[in-house]
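Novice: My file is my_file_18.pdb. It has PDB, C-alpha atoms, pLDDT in the B column:
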```
ATOM      1  CA  MET G1418      92.328  81.116 102.716  1.00 77.00           C
ATOM      2  CA  LYS G1419      94.337  82.118  99.653  1.00 94.00           C
ATOM      3  CA  LEU G1420      95.540  85.702  99.309  1.00 95.00           C
ATOM      4  CA  GLU G1421      93.506  86.120  96.113  1.00 95.00           C
ATOM      5  CA  ASP G1422      90.363  85.118  97.988  1.00 95.00           C
ATOM      6  CA  VAL G1423      91.076  87.593 100.785  1.00 96.00           C
ATOM      7  CA  ILE G1424      91.615  90.415  98.278  1.00 96.00           C
ATOM      8  CA  LEU G1425      88.434  89.598  96.397  1.00 94.00           C
ATOM      9  CA  SER G1426      86.317  88.946  99.514  1.00 95.00           C
ATOM     10  CA  GLU G1427      85.602  92.629 100.098  1.00 94.00           C
ATOM     11  CA  HIS G1428      86.982  95.983  98.988  1.00 94.00           C
ATOM     12  CA  SER G1429      87.417  97.725 102.318  1.00 96.00           C
ATOM     13  CA  ARG G1430      89.905  99.418 104.619  1.00 97.00           C
ATOM     14  CA  LYS G1431      89.596  96.397 106.937  1.00 97.00           C
ATOM     15  CA  ILE G1432      90.785  93.948 104.260  1.00 97.00           C
ATOM     16  CA  CYS G1433      93.494  96.336 103.091  1.00 97.00           C
ATOM     17  CA  ASP G1434      94.794  96.692 106.660  1.00 98.00           C
ATOM     18  CA  GLU G1435      94.719  92.904 107.160  1.00 97.00           C
ATOM     19  CA  ILE G1436      96.856  92.396 104.067  1.00 97.00           C
ATOM     20  CA  VAL G1437      99.261  95.180 105.060  1.00 98.00           C
ATOM     21  CA  GLY G1438      99.572  93.614 108.522  1.00 97.00           C
ATOM     22  CA  TRP G1439     100.191  90.189 107.002  1.00 97.00           C
ATOM     23  CA  VAL G1440     102.906  91.551 104.704  1.00 98.00           C
ATOM     24  CA  GLY G1441     104.540  93.611 107.447  1.00 97.00           C
ATOM     25  CA  LYS G1442     108.192  94.130 106.520  1.00 97.00           C
ATOM     26  CA  SER G1443     108.498  90.818 104.681  1.00 97.00           C
ATOM     27  CA  GLN G1444     109.900  91.151 101.174  1.00 97.00           C
ATOM     28  CA  VAL G1445     108.776  87.547 100.524  1.00 97.00           C
ATOM     29  CA  ARG G1446     105.152  88.295 101.405  1.00 97.00           C
ATOM     30  CA  PHE G1447     105.260  91.569  99.479  1.00 98.00           C
ATOM     31  CA  GLY G1448     106.498  89.524  96.512  1.00 97.00           C
ATOM     32  CA  GLN G1449     103.522  87.189  96.964  1.00 97.00           C
ATOM     33  CA  LEU G1450     101.166  90.171  96.921  1.00 97.00           C
ATOM     34  CA  LEU G1451     102.831  91.457  93.746  1.00 97.00           C
ATOM     35  CA  GLY G1452     102.518  87.970  92.250  1.00 96.00           C
ATOM     36  CA  VAL G1453      98.778  87.942  92.935  1.00 95.00           C
ATOM     37  CA  TYR G1454      98.544  91.399  91.378  1.00 96.00           C
ATOM     38  CA  SER G1455     100.563  90.370  88.314  1.00 93.00           C
ATOM     39  CA  ASP G1456      98.602  87.189  87.688  1.00 89.00           C
ATOM     40  CA  GLY G1457      95.251  88.755  88.442  1.00 79.00           C
ATOM     41  CA  ASN G1458      92.357  89.869  86.334  1.00 89.00           C
ATOM     42  CA  PHE G1459      91.085  93.443  86.118  1.00 89.00           C
ATOM     43  CA  GLN G1460      89.290  93.382  89.494  1.00 93.00           C
ATOM     44  CA  LEU G1461      92.119  91.626  91.334  1.00 94.00           C
ATOM     45  CA  LYS G1462      94.662  94.156  90.035  1.00 94.00           C
ATOM     46  CA  GLN G1463      92.408  97.012  91.072  1.00 94.00           C
ATOM     47  CA  ARG G1464      91.882  95.686  94.576  1.00 96.00           C
ATOM     48  CA  ALA G1465      95.478  94.516  95.148  1.00 97.00           C
ATOM     49  CA  SER G1466      96.943  97.880  94.143  1.00 97.00           C
ATOM     50  CA  TRP G1467      95.605  99.531  97.293  1.00 97.00           C
ATOM     51  CA  PRO G1468      97.376  97.236  99.806  1.00 98.00           C
ATOM     52  CA  ILE G1469     100.518  97.379  97.639  1.00 98.00           C
ATOM     53  CA  SER G1470     100.533 101.161  98.031  1.00 98.00           C
ATOM     54  CA  GLU G1471      99.771 100.959 101.746  1.00 98.00           C
ATOM     55  CA  CYS G1472     102.533  98.379 102.290  1.00 98.00           C
ATOM     56  CA  VAL G1473     105.062 100.759 100.759  1.00 98.00           C
ATOM     57  CA  LYS G1474     103.686 103.619 102.839  1.00 98.00           C
ATOM     58  CA  LYS G1475     104.218 101.551 105.990  1.00 97.00           C
ATOM     59  CA  CYS G1476     107.571 100.044 104.941  1.00 98.00           C
ATOM     60  CA  PRO G1477     109.196 101.980 102.054  1.00 97.00           C
ATOM     61  CA  PRO G1478     112.114  99.532 101.509  1.00 97.00           C
ATOM     62  CA  LEU G1479     109.615  96.959 100.202  1.00 97.00           C
ATOM     63  CA  ALA G1480     109.404  98.884  96.923  1.00 96.00           C
ATOM     64  CA  LYS G1481     113.158  99.070  96.369  1.00 91.00           C
ATOM     65  CA  SER G1482     113.482  96.494  93.586  1.00 92.00           C
ATOM     66  CA  HIS G1483     110.025  96.996  92.049  1.00 96.00           C
ATOM     67  CA  PHE G1484     109.964 100.608  90.835  1.00 96.00           C
ATOM     68  CA  GLN G1485     110.506  99.688  87.183  1.00 94.00           C
ATOM     69  CA  PHE G1486     107.593  97.236  87.381  1.00 95.00           C
ATOM     70  CA  PHE G1487     105.303  99.879  88.927  1.00 96.00           C
ATOM     71  CA  LEU G1488     106.163 102.373  86.205  1.00 94.00           C
ATOM     72  CA  GLU G1489     105.536  99.808  83.459  1.00 92.00           C
ATOM     73  CA  GLU G1490     102.156  98.970  84.986  1.00 92.00           C
ATOM     74  CA  MET G1491     101.142 102.637  84.982  1.00 89.00           C
ATOM     75  CA  GLU G1492     102.014 102.898  81.306  1.00 86.00           C
ATOM     76  CA  ASN G1493      99.246 100.466  80.382  1.00 81.00           C
ATOM     77  CA  ARG G1494      96.381 102.654  79.159  1.00 75.00           C
ATOM     78  CA  ASN G1495      93.844  99.921  80.023  1.00 79.00           C
ATOM     79  CA  ARG G1496      94.602 100.055  83.740  1.00 82.00           C
ATOM     80  CA  HIS G1497      91.804 101.223  85.967  1.00 88.00           C
ATOM     81  CA  PHE G1498      92.478 104.721  87.299  1.00 91.00           C
ATOM     82  CA  ALA G1499      92.586 103.316  90.867  1.00 93.00           C
ATOM     83  CA  VAL G1500      95.514 101.089  89.898  1.00 94.00           C
ATOM     84  CA  LYS G1501      97.424 103.992  88.369  1.00 94.00           C
ATOM     85  CA  ARG G1502      96.589 106.211  91.344  1.00 95.00           C
ATOM     86  CA  ASN G1503      97.757 103.639  93.901  1.00 96.00           C
ATOM     87  CA  LEU G1504     100.941 102.748  92.036  1.00 96.00           C
ATOM     88  CA  LEU G1505     101.804 106.407  91.440  1.00 96.00           C
ATOM     89  CA  ARG G1506     100.995 107.216  95.062  1.00 96.00           C
ATOM     90  CA  LEU G1507     103.551 104.783  96.453  1.00 96.00           C
ATOM     91  CA  PHE G1508     106.366 106.829  94.887  1.00 97.00           C
ATOM     92  CA  GLN G1509     105.563 109.515  97.482  1.00 95.00           C
ATOM     93  CA  PHE G1510     106.589 107.204 100.318  1.00 95.00           C
ATOM     94  CA  ALA G1511     109.854 105.615  99.179  1.00 93.00           C
ATOM     95  CA  PRO G1512     113.187 107.021  98.060  1.00 92.00           C
ATOM     96  CA  ILE G1513     113.090 107.045  94.264  1.00 93.00           C
ATOM     97  CA  PRO G1514     116.107 105.375  92.665  1.00 93.00           C
ATOM     98  CA  GLU G1515     117.950 107.650  90.265  1.00 94.00           C
ATOM     99  CA  GLU G1516     117.683 105.107  87.443  1.00 95.00           C
ATOM    100  CA  VAL G1517     113.868 105.454  87.346  1.00 96.00           C
ATOM    101  CA  GLU G1518     113.571 109.198  87.939  1.00 96.00           C
ATOM    102  CA  GLY G1519     113.485 109.991  84.216  1.00 95.00           C
ATOM    103  CA  LEU G1520     110.712 107.483  83.559  1.00 95.00           C
ATOM    104  CA  LEU G1521     108.766 108.746  86.578  1.00 97.00           C
ATOM    105  CA  LEU G1522     109.100 112.329  85.357  1.00 96.00           C
ATOM    106  CA  ASP G1523     107.810 111.218  81.968  1.00 95.00           C
ATOM    107  CA  ARG G1524     104.799 109.429  83.517  1.00 95.00           C
ATOM    108  CA  CYS G1525     103.976 112.427  85.705  1.00 96.00           C
ATOM    109  CA  PHE G1526     104.106 114.832  82.761  1.00 95.00           C
ATOM    110  CA  THR G1527     101.960 112.445  80.691  1.00 93.00           C
ATOM    111  CA  PHE G1528      99.342 112.208  83.448  1.00 93.00           C
ATOM    112  CA  LEU G1529      99.354 115.962  83.951  1.00 90.00           C
ATOM    113  CA  GLU G1530      98.941 116.698  80.227  1.00 90.00           C
ATOM    114  CA  ASP G1531      96.131 114.161  79.680  1.00 88.00           C
ATOM    115  CA  ILE G1532      92.761 115.904  80.006  1.00 83.00           C
ATOM    116  CA  GLU G1533      91.079 112.505  80.546  1.00 85.00           C
ATOM    117  CA  GLU G1534      93.191 111.675  83.599  1.00 89.00           C
ATOM    118  CA  PRO G1535      91.324 111.912  86.936  1.00 91.00           C
ATOM    119  CA  VAL G1536      92.260 114.787  89.228  1.00 89.00           C
ATOM    120  CA  ALA G1537      93.560 112.446  91.946  1.00 92.00           C
ATOM    121  CA  ILE G1538      96.229 111.125  89.581  1.00 93.00           C
ATOM    122  CA  LYS G1539      97.077 114.638  88.397  1.00 92.00           C
ATOM    123  CA  SER G1540      97.412 115.836  91.996  1.00 91.00           C
ATOM    124  CA  ILE G1541      99.802 113.021  92.903  1.00 94.00           C
ATOM    125  CA  ALA G1542     101.763 113.655  89.697  1.00 94.00           C
ATOM    126  CA  LEU G1543     102.042 117.336  90.664  1.00 92.00           C
ATOM    127  CA  HIS G1544     103.262 116.387  94.125  1.00 91.00           C
ATOM    128  CA  LEU G1545     105.922 114.081  92.670  1.00 95.00           C
ATOM    129  CA  LEU G1546     107.007 116.696  90.147  1.00 94.00           C
ATOM    130  CA  TRP G1547     107.316 119.175  93.004  1.00 90.00           C
ATOM    131  CA  GLN G1548     109.503 116.659  94.910  1.00 92.00           C
ATOM    132  CA  LEU G1549     111.684 116.018  91.867  1.00 94.00           C
ATOM    133  CA  SER G1550     111.966 119.704  90.947  1.00 92.00           C
ATOM    134  CA  GLY G1551     114.407 120.147  93.793  1.00 91.00           C
ATOM    135  CA  LYS G1552     116.817 117.868  91.951  1.00 94.00           C
ATOM    136  CA  TYR G1553     115.721 118.918  88.459  1.00 94.00           C
ATOM    137  CA  PRO G1554     114.882 122.639  88.701  1.00 94.00           C
ATOM    138  CA  GLU G1555     114.661 122.917  84.912  1.00 94.00           C
ATOM    139  CA  ILE G1556     111.240 121.168  84.986  1.00 93.00           C
ATOM    140  CA  LYS G1557     109.629 123.938  87.047  1.00 91.00           C
ATOM    141  CA  ALA G1558     108.894 126.229  84.100  1.00 92.00           C
ATOM    142  CA  GLU G1559     107.285 123.436  82.069  1.00 92.00           C
ATOM    143  CA  VAL G1560     105.129 122.316  85.002  1.00 90.00           C
ATOM    144  CA  CYS G1561     104.038 125.904  85.645  1.00 89.00           C
ATOM    145  CA  LEU G1562     102.941 126.241  82.012  1.00 89.00           C
ATOM    146  CA  LEU G1563     100.933 123.007  82.253  1.00 87.00           C
ATOM    147  CA  ILE G1564      99.320 124.153  85.482  1.00 87.00           C
ATOM    148  CA  GLU G1565      98.375 127.556  84.092  1.00 87.00           C
ATOM    149  CA  ASP G1566      96.941 125.929  80.986  1.00 85.00           C
ATOM    150  CA  GLN G1567      94.695 123.595  82.993  1.00 83.00           C
ATOM    151  CA  LEU G1568      93.870 125.737  86.010  1.00 83.00           C
ATOM    152  CA  PRO G1569      90.747 127.432  84.601  1.00 83.00           C
ATOM    153  CA  HIS G1570      88.906 124.136  84.025  1.00 80.00           C
ATOM    154  CA  GLN G1571      90.118 121.996  86.905  1.00 83.00           C
ATOM    155  CA  THR G1572      88.695 121.026  90.268  1.00 82.00           C
ATOM    156  CA  ALA G1573      89.451 122.498  93.675  1.00 83.00           C
ATOM    157  CA  ALA G1574      91.693 119.512  94.474  1.00 81.00           C
ATOM    158  CA  PHE G1575      93.844 120.217  91.424  1.00 81.00           C
ATOM    159  CA  ARG G1576      93.968 123.917  92.220  1.00 82.00           C
ATOM    160  CA  ALA G1577      95.135 123.118  95.774  1.00 82.00           C
ATOM    161  CA  ALA G1578      97.931 120.866  94.490  1.00 80.00           C
ATOM    162  CA  ALA G1579      98.839 123.446  91.852  1.00 83.00           C
ATOM    163  CA  LYS G1580      98.997 126.204  94.457  1.00 82.00           C
ATOM    164  CA  ILE G1581     101.606 124.215  96.416  1.00 78.00           C
ATOM    165  CA  PHE G1582     103.729 123.761  93.297  1.00 76.00           C
ATOM    166  CA  LEU G1583     103.414 127.387  92.190  1.00 80.00           C
ATOM    167  CA  LYS G1584     104.621 128.685  95.572  1.00 74.00           C
TER     168      LYS G1584
END
```
Take the structure in this file and express it as structure tokens.
Specialist:
Amino acid sequence: MKLEDVILSEHSRKICDEIVGWVGKSQVRFGQLLGVYSDGNFQLKQRASWPISECVKKCPPLAKSHFQFFLEEMENRNRHFAVKRNLLRLFQFAPIPEEVEGLLLDRCFTFLEDIEEPVAIKSIALHLLWQLSGKYPEIKAEVCLLIEDQLPHQTAAFRAAAKIFLK
């Protein structure tokens, strides 16, 4: 069975885990998964983004040469929120190369400022900004202002993520 067919067969943890197991630590197979994602339609991109994220969670070095691609994909305003969430999420699991830190900071601030962005994406963005604030302490004040501005009309999940950052 082709990888595309497996991805489209069912959107479930079982299928995601099968794909992650198949990829393992293989950069070649991870590249095949990214190829299916890149060539795919809306639904295929949405479903493939989950195992991509889980592969990086299991084996962070897989993402090493793909960070720029992930950031470019998140920039596309037409991407389903699940795609953005999964691609943003994988940055939590792998060492972030210095050459993409600025672009990642920009994406995180953009997601945090956008009132239309789902809370899951905002929470991950807050977590990443918190991680990066150790290296770039000058962003803390700006993030705190954004948090305080949004706190009154956000969900409990956002407030929990914000509380961690504000500590």
Novice: What does the structure give for the distance between atom CA of G:Glu1565 and atom CA of G:Leu1543, in Å to one decimal?
Specialist: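 Between atom CA of G:Glu1565 and atom CA of G:Leu1543 the gap works out to 12.7 Å.
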Novice: Can you spell out as an NGL selection string the set of residues that the PyMOL selection byres ((chain G and resi 1433) around 12) selects in the structure I just provided?
Specialist: :G and (1420 or 1423-1432 or 1434-1440 or 1450 or 1464-1472)
Novice: For the provided coordinates, the residues matched by the PyMOL selection byres ((chain G and resi 1519-1529) around 6) should be stated as a short mmCIF file (atom, residue, chain, number, x, y, z; two decimals) with C-alpha atoms, in the frame of the given file.
Specialist:
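The resulting file, result_15.cif, is shown below:
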```
data_model
loop_
_atom_site.label_atom_id
_atom_site.label_comp_id
_atom_site.auth_asym_id
_atom_site.auth_seq_id
_atom_site.Cartn_x
_atom_site.Cartn_y
_atom_site.Cartn_z
CA VAL G 1517 113.87 105.45 87.35
CA GLU G 1518 113.57 109.20 87.94
CA GLU G 1530 98.94 116.70 80.23
CA ASP G 1531 96.13 114.16 79.68
CA LYS G 1539 97.08 114.64 88.40
CA ALA G 1542 101.76 113.66 89.70
#
```
Novice: If I wrap all listed atoms of stretch 1426-1444 of chain G in a box with edges along x, y and z and add 6 Å on each side, what are its centre and edge lengths in Å to one decimal, as lines of an AutoDock Vina configuration file?
Specialist:
```
center_x = 97.8
center_y = 94.2
center_z = 103.8
size_x = 36.3
size_y = 22.5
size_z = 21.5
```
Novice: Suppose you want the space between atom CA of G:Ala1579 and atom CA of G:Val1560; what is it in Å?
Specialist: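 Atom-to-atom, atom CA of G:Ala1579 and atom CA of G:Val1560 are spaced 9.4 Å apart.
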Novice: Taking 4 positions as the minimum chain separation for residues in the same chain, which residues sit within 8 Å of G:Leu1479 when counting only C-alpha atoms? Answer as JSON, numbers by chain.
Specialist: {"G": [1442, 1443, 1444, 1447, 1472, 1473]}
Novice: Could you tell me which residues the PyMOL selection byres ((chain G and resi 1478) around 12) returns for this structure, as a PyMOL selection string?
Specialist: chain G and resi 1441-1444+1447+1472-1477+1479-1484+1507-1508+1510-1514
Novice: Using all atoms listed in the file, which protein or nucleic acid residues come within 10 Å of G:Ile1556? Drop anything in the same chain fewer than 3 positions from it, and give the result as a PyMOL selection string.
Specialist: chain G and resi 1522+1526+1546-1547+1549-1553+1559-1561
Novice: May I ask for the distance between atom CA of G:Ala1558 and atom CA of G:Lys1584, given in Å to one decimal place?
Specialist: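 Value for the atom CA of G:Ala1558-atom CA of G:Lys1584 distance: 12.5 Å.
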Novice: Could you check the closest approach to G:Phe1498 for each of G:Gln1460, G:Thr1572, G:Gln1449, G:Gln1548 and tell me which residue wins, using only C-alpha atoms?
Specialist: G:Gln1460
Novice: Looking at G:Ile1541, G:Val1445, G:Leu1488, G:Val1536, which one is nearest to G:Gln1567, with distances taken over only C-alpha atoms?
Specialist: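 For G:Gln1567, the nearest of the given residues is G:Val1536.
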Novice: Kindly indicate which residue among G:Arg1576, G:Asn1493, G:Glu1421, G:Leu1545 lies nearest to G:Tyr1454, using all atoms listed in the file for the distances.
Specialist: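 With all atoms listed in the file as the atom set, the closest residue is G:Glu1421.
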Novice: List as a CSV table (one decimal) with C-alpha atoms, keeping the file's coordinate frame the protein and nucleic acid residues near G:Glu1490, meaning an atom at most 10 Å away when all atoms listed in the file are counted, but skip any in the same chain fewer than 3 places from it.
Specialist:
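Printed below is result39.csv as written:
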```csv
chain,number,residue,atom,x,y,z
G,1455,SER,CA,100.6,90.4,88.3
G,1484,PHE,CA,110.0,100.6,90.8
G,1485,GLN,CA,110.5,99.7,87.2
G,1486,PHE,CA,107.6,97.2,87.4
G,1487,PHE,CA,105.3,99.9,88.9
G,1493,ASN,CA,99.2,100.5,80.4
G,1494,ARG,CA,96.4,102.7,79.2
G,1495,ASN,CA,93.8,99.9,80.0
G,1496,ARG,CA,94.6,100.1,83.7
G,1500,VAL,CA,95.5,101.1,89.9
G,1501,LYS,CA,97.4,104.0,88.4
G,1504,LEU,CA,100.9,102.7,92.0
G,1505,LEU,CA,101.8,106.4,91.4
```
